[in-house]
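Visitor: Dropping the structure in here first, questions after.
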Amino acid sequence: MPDGKHLKPLTDKMFRFNIPLIEGVDYKMLTTRPRGTNDILPGEVEKWHYLEKVCRRVCSDFGYQEIRTPIFEHTELFLRGVGETTDIVEKEMYSFYDRGERSITLRPEGTASTVRAFLENKLYAEPQPTKLYYIGPMFRYDRPQAGRYRQFHQFGIEVFGSNHPSVDAEVIGLACTVLEKLQLTGLKVHINTVGCPQCRPRHLKALVDYFSDKKDKLCKTCQERLNKNPLRILDCKSDICRELAKDAPTTRSSACPSCEVHFTKVLKYLDALGIEYVVDPRLVRGLDYYTHTAFEILVEGIGAQSAICGGGRYDGLIEQCGGKPTPGIGFAMGMERLLLTLETKGIDLSQLLTHPDVYIAAIGEKPQEEAFKLAMELRRKGISTEKDYLDKSLKAQLKAADRLGVKYTLILGDEELKARKIVVKEMAKSEQTEIPIDDIINYLERGLKTND
Ligand code: HAM
């Protein structure tokens, strides 16, 4: 292996931006992906296309439009949007200074960015509510394990501009429809009300009272949280804090009448949709912006990371980010967790693999040339075509055609070329016939149409 000395020396400027100044290069770094990231390889990517297609289709049926926001944003957006005392902000953000010395963060979630885009692009001036969806990578410096990665993908939706409880039920209904379309039935929705600015102070006080005499046993971060934001203790990942939080006062026990009315109506709408749920008074979410409804869809059998979907209402977030008071609600699903769930439930998406329609096996220089032109022509006509690029023997080319699972193999040698004919093998029937080269496109088009 080369020693890497031919690589451009790293400059002072790079050193300033924390890129380590190294003489050689550890080639392991060039052939190993960063921890917690994944390559999505051919064979796997088709499943992603399918998932994305289902999500897009359901969103379109529900009247949601796609939004694509930048992968990185100003760090301030997440400090304000997600909350300074959340695990995400305290421990998990990929933040860095860019070359203009601005603090930038790779987005850890999609809600804050969607709110920012709603405000910046004045989407509030359009007829309300605004119903948006997104699919894309998110980044959290988390401890990687099955279903938990540092780069992962979310499909999420956000609705701005309505606080009607039917919207809460519709949002949950959309998530359930996506799961149903993927044949993932029987997953339970866990739902809770997490309070609003009216009742939250009462709940916070109850939490401070409850945890005060347990303070010394809490983890260091939670000891600080007790003063800053005791609600966050409830979703601490440390086993000790979890155990201590088991009997903590629930949000529902402090809920004000308006929270209770809203929650009861949401449950009524869910009943009307026939959606099964579990009211889970211990459910809290790891982000600060939630008010009223919070929910998660949990699944067994994919390891410790059982939440496939999480979301809720955040009626104060848009105002907190500088907009006029505007209610909001949404959810995000972890795409990797969705795929893991499909796998553990034995739902096979491998039939989604696409196969080329045609393989052209050619032997000899002239036939290769003709095959090259024909392949291009077929592809332009929308017939997916594969050919040999390595001067393989006829036997090896036929084997390749078989492995690719094509519908037709065309065979072209000097003799066929002289006669302006091509041998066509229909793989399903093992039949072989000779067709004039000039008729081959029509022949294949007809055949592929009847096979459709
Ligand atoms: P979240 O609960 O942090 O909520 O994430 C939503 C989903 O993303 C989780 O249920 C899980 O499936 C997936 N997820 C989260 N972290 C990871 C990870 N490290 N690796 C793999 N999958 C992960 C939010 O992000 C909110 N923005 C959801 C929302 C939208 N609430 C309202 N609108």
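Please note that chains go A, B, ... in the order of the structure tokens, that every chain numbers its residues from 1, and that ligands are numbered from 1 in the order shown.
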Residues within 7 Å of ligand 1 (only C-alpha atoms and all ligand atoms), as a ChimeraX atom specification?

Guide: /A:109-111,140,142,147-154,156-158,285-287,296,307-313,329-337

Visitor: Do you have the CA of Thr130 in chain A-CA of Gly316 in chain A distance handy?

Guide: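 According to the coordinates, CA of Thr130 in chain A and CA of Gly316 in chain A are separated by 16.1 Å.
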
Visitor: Using only C-alpha atoms, which residues sit within 12 Å of Gly346 in chain A once same-chain residues fewer than 6 positions away are excluded, as a PDB file with C-alpha atoms, in the first residue's frame?

Guide:
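File result-v4.pdb, as written:
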ATOM      1  CA  LEU A 182     -46.047  -1.608   4.740  1.00  0.00           C
ATOM      2  CA  GLN A 183     -48.095  -4.464   6.224  1.00  0.00           C
ATOM      3  CA  LEU A 184     -46.942  -3.511   9.720  1.00  0.00           C
ATOM      4  CA  GLY A 301     -38.195  -7.340  18.616  1.00  0.00           C
ATOM      5  CA  LEU A 339     -36.561  -1.497   7.754  1.00  0.00           C
ATOM      6  CA  LEU A 340     -35.362  -3.431  10.809  1.00  0.00           C
TER       7      LEU A 340
END

Visitor: Taking only C-alpha atoms into account, name the residue in A:Ala117, A:Cys219, A:Val167, A:Val82 that is nearest to Phe263 in chain A.

Guide: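 Closest to Phe263 in chain A of all the choices is A:Val167.
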
Visitor: How far is it from CA of Ile88 in chain A to CA of Ala304 in chain A, in Å with one decimal?

Guide: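 CA of Ala304 in chain A lies at a distance of 18.3 Å from CA of Ile88 in chain A.
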
Visitor: Restricting the calculation to only C-alpha atoms: of A:Tyr443, A:Gln128, A:Val406, A:Pro367, which residue gets closest to Lys418 in chain A?

Guide: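 Distance minimum relative to Lys418 in chain A lands on A:Pro367.
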
Visitor: Taking the DSSP assignment computed from this structure's backbone, write out as a PyMOL selection string all residues of range 81-211 of chain A that belong to strand (DSSP E).

Guide: chain A and resi 94-97+103-106+130-139+151-160+188-193

Visitor: Write out the residues from the selection above, keeping N, CA, C and O atoms, as a compact mmCIF listing (two decimals), in the first residue's frame.

Guide:
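Final file, result_31.txt:
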# COMPACT_ATOMS: atom_id res chain seq x y z
N TYR A 94 -23.74 17.53 16.19
CA TYR A 94 -22.53 17.71 15.40
C TYR A 94 -22.43 19.19 15.08
O TYR A 94 -23.06 19.67 14.13
N SER A 95 -21.70 19.93 15.91
CA SER A 95 -21.58 21.38 15.71
C SER A 95 -20.13 21.72 15.42
O SER A 95 -19.22 21.09 15.95
N PHE A 96 -19.94 22.70 14.58
CA PHE A 96 -18.57 23.12 14.23
C PHE A 96 -18.60 24.56 13.74
O PHE A 96 -19.67 25.08 13.39
N TYR A 97 -17.43 25.17 13.74
CA TYR A 97 -17.33 26.50 13.15
C TYR A 97 -16.95 26.36 11.69
O TYR A 97 -16.04 25.61 11.36
N SER A 103 -21.18 29.33 13.91
CA SER A 103 -21.43 28.01 14.47
C SER A 103 -22.55 27.35 13.69
O SER A 103 -23.66 27.86 13.57
N ILE A 104 -22.23 26.19 13.16
CA ILE A 104 -23.12 25.44 12.27
C ILE A 104 -23.39 24.09 12.92
O ILE A 104 -22.50 23.53 13.58
N THR A 105 -24.60 23.55 12.73
CA THR A 105 -24.91 22.22 13.27
C THR A 105 -25.58 21.37 12.21
O THR A 105 -26.49 21.85 11.50
N LEU A 106 -25.11 20.13 12.08
CA LEU A 106 -25.80 19.18 11.20
C LEU A 106 -27.15 18.88 11.84
O LEU A 106 -27.19 18.57 13.04
N THR A 130 -50.70 24.75 6.99
CA THR A 130 -49.61 24.32 6.12
C THR A 130 -49.28 22.87 6.49
O THR A 130 -49.04 22.57 7.65
N LYS A 131 -49.31 21.99 5.48
CA LYS A 131 -49.06 20.56 5.77
C LYS A 131 -47.85 20.10 4.96
O LYS A 131 -47.89 20.07 3.73
N LEU A 132 -46.77 19.79 5.67
CA LEU A 132 -45.50 19.49 4.99
C LEU A 132 -44.95 18.13 5.40
O LEU A 132 -45.25 17.64 6.50
N TYR A 133 -44.15 17.54 4.51
CA TYR A 133 -43.42 16.32 4.91
C TYR A 133 -41.97 16.39 4.41
O TYR A 133 -41.67 17.18 3.51
N TYR A 134 -41.12 15.61 5.02
CA TYR A 134 -39.72 15.56 4.61
C TYR A 134 -39.16 14.15 4.79
O TYR A 134 -39.66 13.38 5.61
N ILE A 135 -38.16 13.84 4.00
CA ILE A 135 -37.45 12.56 4.13
C ILE A 135 -35.97 12.90 3.99
O ILE A 135 -35.59 13.55 3.02
N GLY A 136 -35.16 12.49 4.94
CA GLY A 136 -33.74 12.81 4.77
C GLY A 136 -32.90 12.43 5.97
O GLY A 136 -33.42 12.01 7.01
N PRO A 137 -31.58 12.60 5.83
CA PRO A 137 -30.67 12.23 6.90
C PRO A 137 -30.65 13.23 8.05
O PRO A 137 -30.81 14.43 7.84
N MET A 138 -30.49 12.71 9.26
CA MET A 138 -30.36 13.51 10.48
C MET A 138 -29.08 13.00 11.18
O MET A 138 -28.64 11.88 10.92
N PHE A 139 -28.56 13.81 12.09
CA PHE A 139 -27.26 13.47 12.69
C PHE A 139 -27.30 13.66 14.20
O PHE A 139 -27.65 14.74 14.68
N GLN A 151 -25.66 8.84 11.80
CA GLN A 151 -26.43 9.38 10.68
C GLN A 151 -27.59 8.42 10.46
O GLN A 151 -27.37 7.23 10.24
N PHE A 152 -28.80 8.93 10.57
CA PHE A 152 -29.97 8.09 10.34
C PHE A 152 -30.95 8.90 9.50
O PHE A 152 -30.71 10.08 9.22
N HIS A 153 -32.03 8.25 9.10
CA HIS A 153 -32.96 8.94 8.20
C HIS A 153 -34.35 9.00 8.81
O HIS A 153 -34.80 8.03 9.41
N GLN A 154 -34.96 10.13 8.65
CA GLN A 154 -36.34 10.27 9.15
C GLN A 154 -37.28 10.61 8.01
O GLN A 154 -36.92 11.35 7.09
N PHE A 155 -38.48 10.04 8.11
CA PHE A 155 -39.61 10.54 7.34
C PHE A 155 -40.46 11.28 8.36
O PHE A 155 -40.83 10.71 9.39
N GLY A 156 -40.73 12.55 8.12
CA GLY A 156 -41.49 13.32 9.11
C GLY A 156 -42.55 14.19 8.46
O GLY A 156 -42.46 14.50 7.26
N ILE A 157 -43.55 14.55 9.25
CA ILE A 157 -44.56 15.50 8.75
C ILE A 157 -44.74 16.60 9.81
O ILE A 157 -44.50 16.38 10.99
N GLU A 158 -45.15 17.78 9.36
CA GLU A 158 -45.45 18.87 10.29
C GLU A 158 -46.69 19.60 9.76
O GLU A 158 -46.80 19.82 8.55
N VAL A 159 -47.59 19.94 10.67
CA VAL A 159 -48.77 20.73 10.31
C VAL A 159 -48.73 22.01 11.13
O VAL A 159 -48.64 21.96 12.36
N PHE A 160 -48.77 23.15 10.46
CA PHE A 160 -48.76 24.43 11.16
C PHE A 160 -50.11 25.13 10.95
O PHE A 160 -50.64 25.12 9.84
N LYS A 188 -48.73 -0.65 18.53
CA LYS A 188 -49.56 0.18 19.40
C LYS A 188 -49.05 1.62 19.46
O LYS A 188 -47.86 1.86 19.55
N VAL A 189 -50.03 2.52 19.43
CA VAL A 189 -49.71 3.94 19.61
C VAL A 189 -49.77 4.23 21.11
O VAL A 189 -50.77 3.95 21.76
N HIS A 190 -48.68 4.75 21.67
CA HIS A 190 -48.67 5.19 23.08
C HIS A 190 -48.87 6.69 23.07
O HIS A 190 -48.19 7.40 22.34
N ILE A 191 -49.80 7.16 23.87
CA ILE A 191 -50.14 8.58 23.80
C ILE A 191 -50.28 9.18 25.20
O ILE A 191 -50.65 8.48 26.14
N ASN A 192 -49.95 10.45 25.28
CA ASN A 192 -50.03 11.14 26.57
C ASN A 192 -50.28 12.62 26.31
O ASN A 192 -50.12 13.10 25.19
N THR A 193 -50.65 13.34 27.36
CA THR A 193 -50.68 14.80 27.24
C THR A 193 -49.58 15.34 28.14
O THR A 193 -49.45 14.91 29.29

Visitor: What's around Leu349 in chain A at 9 Å? Count only C-alpha atoms, leave out sequence neighbours fewer than 2 positions away in its own chain, and write the answer as a PyMOL selection string.

Guide: chain A and resi 46-47+50+342-343+347+351-353

Visitor: Using only C-alpha atoms for the distances, tell me which of A:Val261, A:Glu365, A:Cys222, A:Thr344 is nearest to Gly303 in chain A.

Guide: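 Once distances to Gly303 in chain A are computed over only C-alpha atoms, the minimum belongs to A:Thr344.
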
Visitor: I'd like the interatomic distance between CA of Pro327 in chain A and CA of Glu170 in chain A, to a tenth of an Å.

Guide: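 Separation between CA of Pro327 in chain A and CA of Glu170 in chain A: 15.0 Å.
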
Visitor: Going by DSSP on the backbone, which residues of range 134-358 of chain A come out as helix (DSSP H, G or I)? List them as JSON, numbers by chain.

Guide: {"A": [165, 166, 167, 168, 169, 170, 171, 172, 173, 174, 175, 176, 177, 178, 179, 180, 181, 200, 201, 202, 203, 204, 205, 206, 207, 208, 209, 210, 211, 212, 215, 216, 217, 220, 221, 222, 223, 224, 225, 226, 227, 228, 230, 231, 232, 233, 234, 235, 239, 240, 241, 242, 243, 244, 245, 252, 253, 254, 257, 258, 259, 260, 261, 262, 263, 264, 265, 266, 267, 268, 269, 270, 271, 272, 273, 317, 318, 319, 320, 335, 336, 337, 338, 339, 340, 341, 342, 343, 344, 350, 351, 352]}

Visitor: Go ahead and save the picked residues with C-alpha atoms, as a compact mmCIF listing (two decimals), in the first residue's frame.

Guide:
# COMPACT_ATOMS: atom_id res chain seq x y z
CA PRO A 165 -57.82 17.97 18.10
CA SER A 166 -58.88 16.20 14.89
CA VAL A 167 -55.51 17.26 13.43
CA ASP A 168 -53.71 15.39 16.23
CA ALA A 169 -55.72 12.28 15.34
CA GLU A 170 -55.16 12.78 11.61
CA VAL A 171 -51.39 13.07 12.10
CA ILE A 172 -51.38 9.82 14.08
CA GLY A 173 -53.69 8.33 11.45
CA LEU A 174 -51.21 9.21 8.71
CA ALA A 175 -48.40 7.43 10.58
CA CYS A 176 -50.62 4.36 11.02
CA THR A 177 -51.58 4.39 7.33
CA VAL A 178 -47.91 4.35 6.29
CA LEU A 179 -47.31 1.40 8.62
CA GLU A 180 -50.42 -0.40 7.34
CA LYS A 181 -49.31 0.05 3.71
CA ARG A 200 -46.50 23.05 33.23
CA PRO A 201 -45.30 25.20 36.18
CA ARG A 202 -47.50 23.07 38.49
CA HIS A 203 -45.98 19.89 37.07
CA LEU A 204 -42.43 21.24 37.30
CA LYS A 205 -42.99 22.12 40.93
CA ALA A 206 -44.33 18.63 41.63
CA LEU A 207 -41.22 17.17 39.98
CA VAL A 208 -38.84 19.36 41.98
CA ASP A 209 -40.65 18.32 45.19
CA TYR A 210 -40.44 14.66 44.19
CA PHE A 211 -36.76 14.63 43.15
CA SER A 212 -35.34 16.99 45.80
CA LYS A 215 -30.98 14.61 44.17
CA ASP A 216 -27.72 12.98 45.30
CA LYS A 217 -28.61 9.72 43.57
CA LYS A 220 -24.61 14.67 37.30
CA THR A 221 -26.55 16.01 34.30
CA CYS A 222 -29.90 15.39 36.01
CA GLN A 223 -28.72 17.09 39.20
CA GLU A 224 -28.29 20.22 37.08
CA ARG A 225 -31.54 19.54 35.26
CA LEU A 226 -33.38 19.56 38.57
CA ASN A 227 -32.72 23.31 38.72
CA LYS A 228 -32.90 24.10 35.03
CA PRO A 230 -36.73 18.90 35.79
CA LEU A 231 -38.94 17.55 32.99
CA ARG A 232 -35.80 16.33 31.22
CA ILE A 233 -34.98 13.98 34.14
CA LEU A 234 -37.94 11.89 32.98
CA ASP A 235 -36.23 10.88 29.74
CA ASP A 239 -30.64 3.33 34.51
CA ILE A 240 -30.45 4.92 37.98
CA CYS A 241 -32.35 8.04 36.93
CA ARG A 242 -34.92 5.89 35.14
CA GLU A 243 -35.49 3.85 38.27
CA LEU A 244 -35.78 7.00 40.41
CA ALA A 245 -38.24 8.52 37.92
CA ARG A 252 -51.60 14.24 33.43
CA SER A 253 -51.89 14.59 37.20
CA SER A 254 -51.10 18.31 36.79
CA PRO A 257 -58.86 21.70 32.21
CA SER A 258 -58.04 22.86 28.66
CA CYS A 259 -55.28 20.19 28.30
CA GLU A 260 -57.66 17.56 29.60
CA VAL A 261 -60.46 18.62 27.21
CA HIS A 262 -58.08 18.64 24.24
CA PHE A 263 -56.70 15.22 25.15
CA THR A 264 -60.16 13.69 25.60
CA LYS A 265 -61.19 14.99 22.18
CA VAL A 266 -58.04 13.60 20.53
CA LEU A 267 -58.81 10.17 22.00
CA LYS A 268 -62.40 10.46 20.74
CA TYR A 269 -61.17 11.20 17.22
CA LEU A 270 -58.74 8.28 17.40
CA ASP A 271 -61.66 6.04 18.42
CA ALA A 272 -63.60 7.36 15.45
CA LEU A 273 -60.72 6.32 13.16
CA LEU A 317 -42.43 26.61 19.08
CA ILE A 318 -43.18 28.93 16.18
CA GLU A 319 -43.55 31.89 18.52
CA GLN A 320 -40.37 30.85 20.31
CA MET A 335 -36.41 4.77 8.39
CA GLU A 336 -33.67 2.38 9.54
CA ARG A 337 -35.92 1.21 12.37
CA LEU A 338 -38.77 0.74 9.90
CA LEU A 339 -36.56 -1.50 7.75
CA LEU A 340 -35.36 -3.43 10.81
CA THR A 341 -38.98 -3.96 11.84
CA LEU A 342 -39.97 -5.20 8.39
CA GLU A 343 -37.05 -7.61 8.50
CA THR A 344 -37.84 -8.98 11.98
CA SER A 350 -36.37 -8.36 -1.85
CA GLN A 351 -38.93 -8.96 -4.61
CA LEU A 352 -38.61 -5.24 -5.21

Visitor: With only C-alpha atoms as the atoms that count, which of A:Val89, A:Leu187, A:Ala362, A:Cys321 lies nearest to Leu77 in chain A?

Guide: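 Of the candidates, the smallest distance to Leu77 in chain A is held by A:Cys321.
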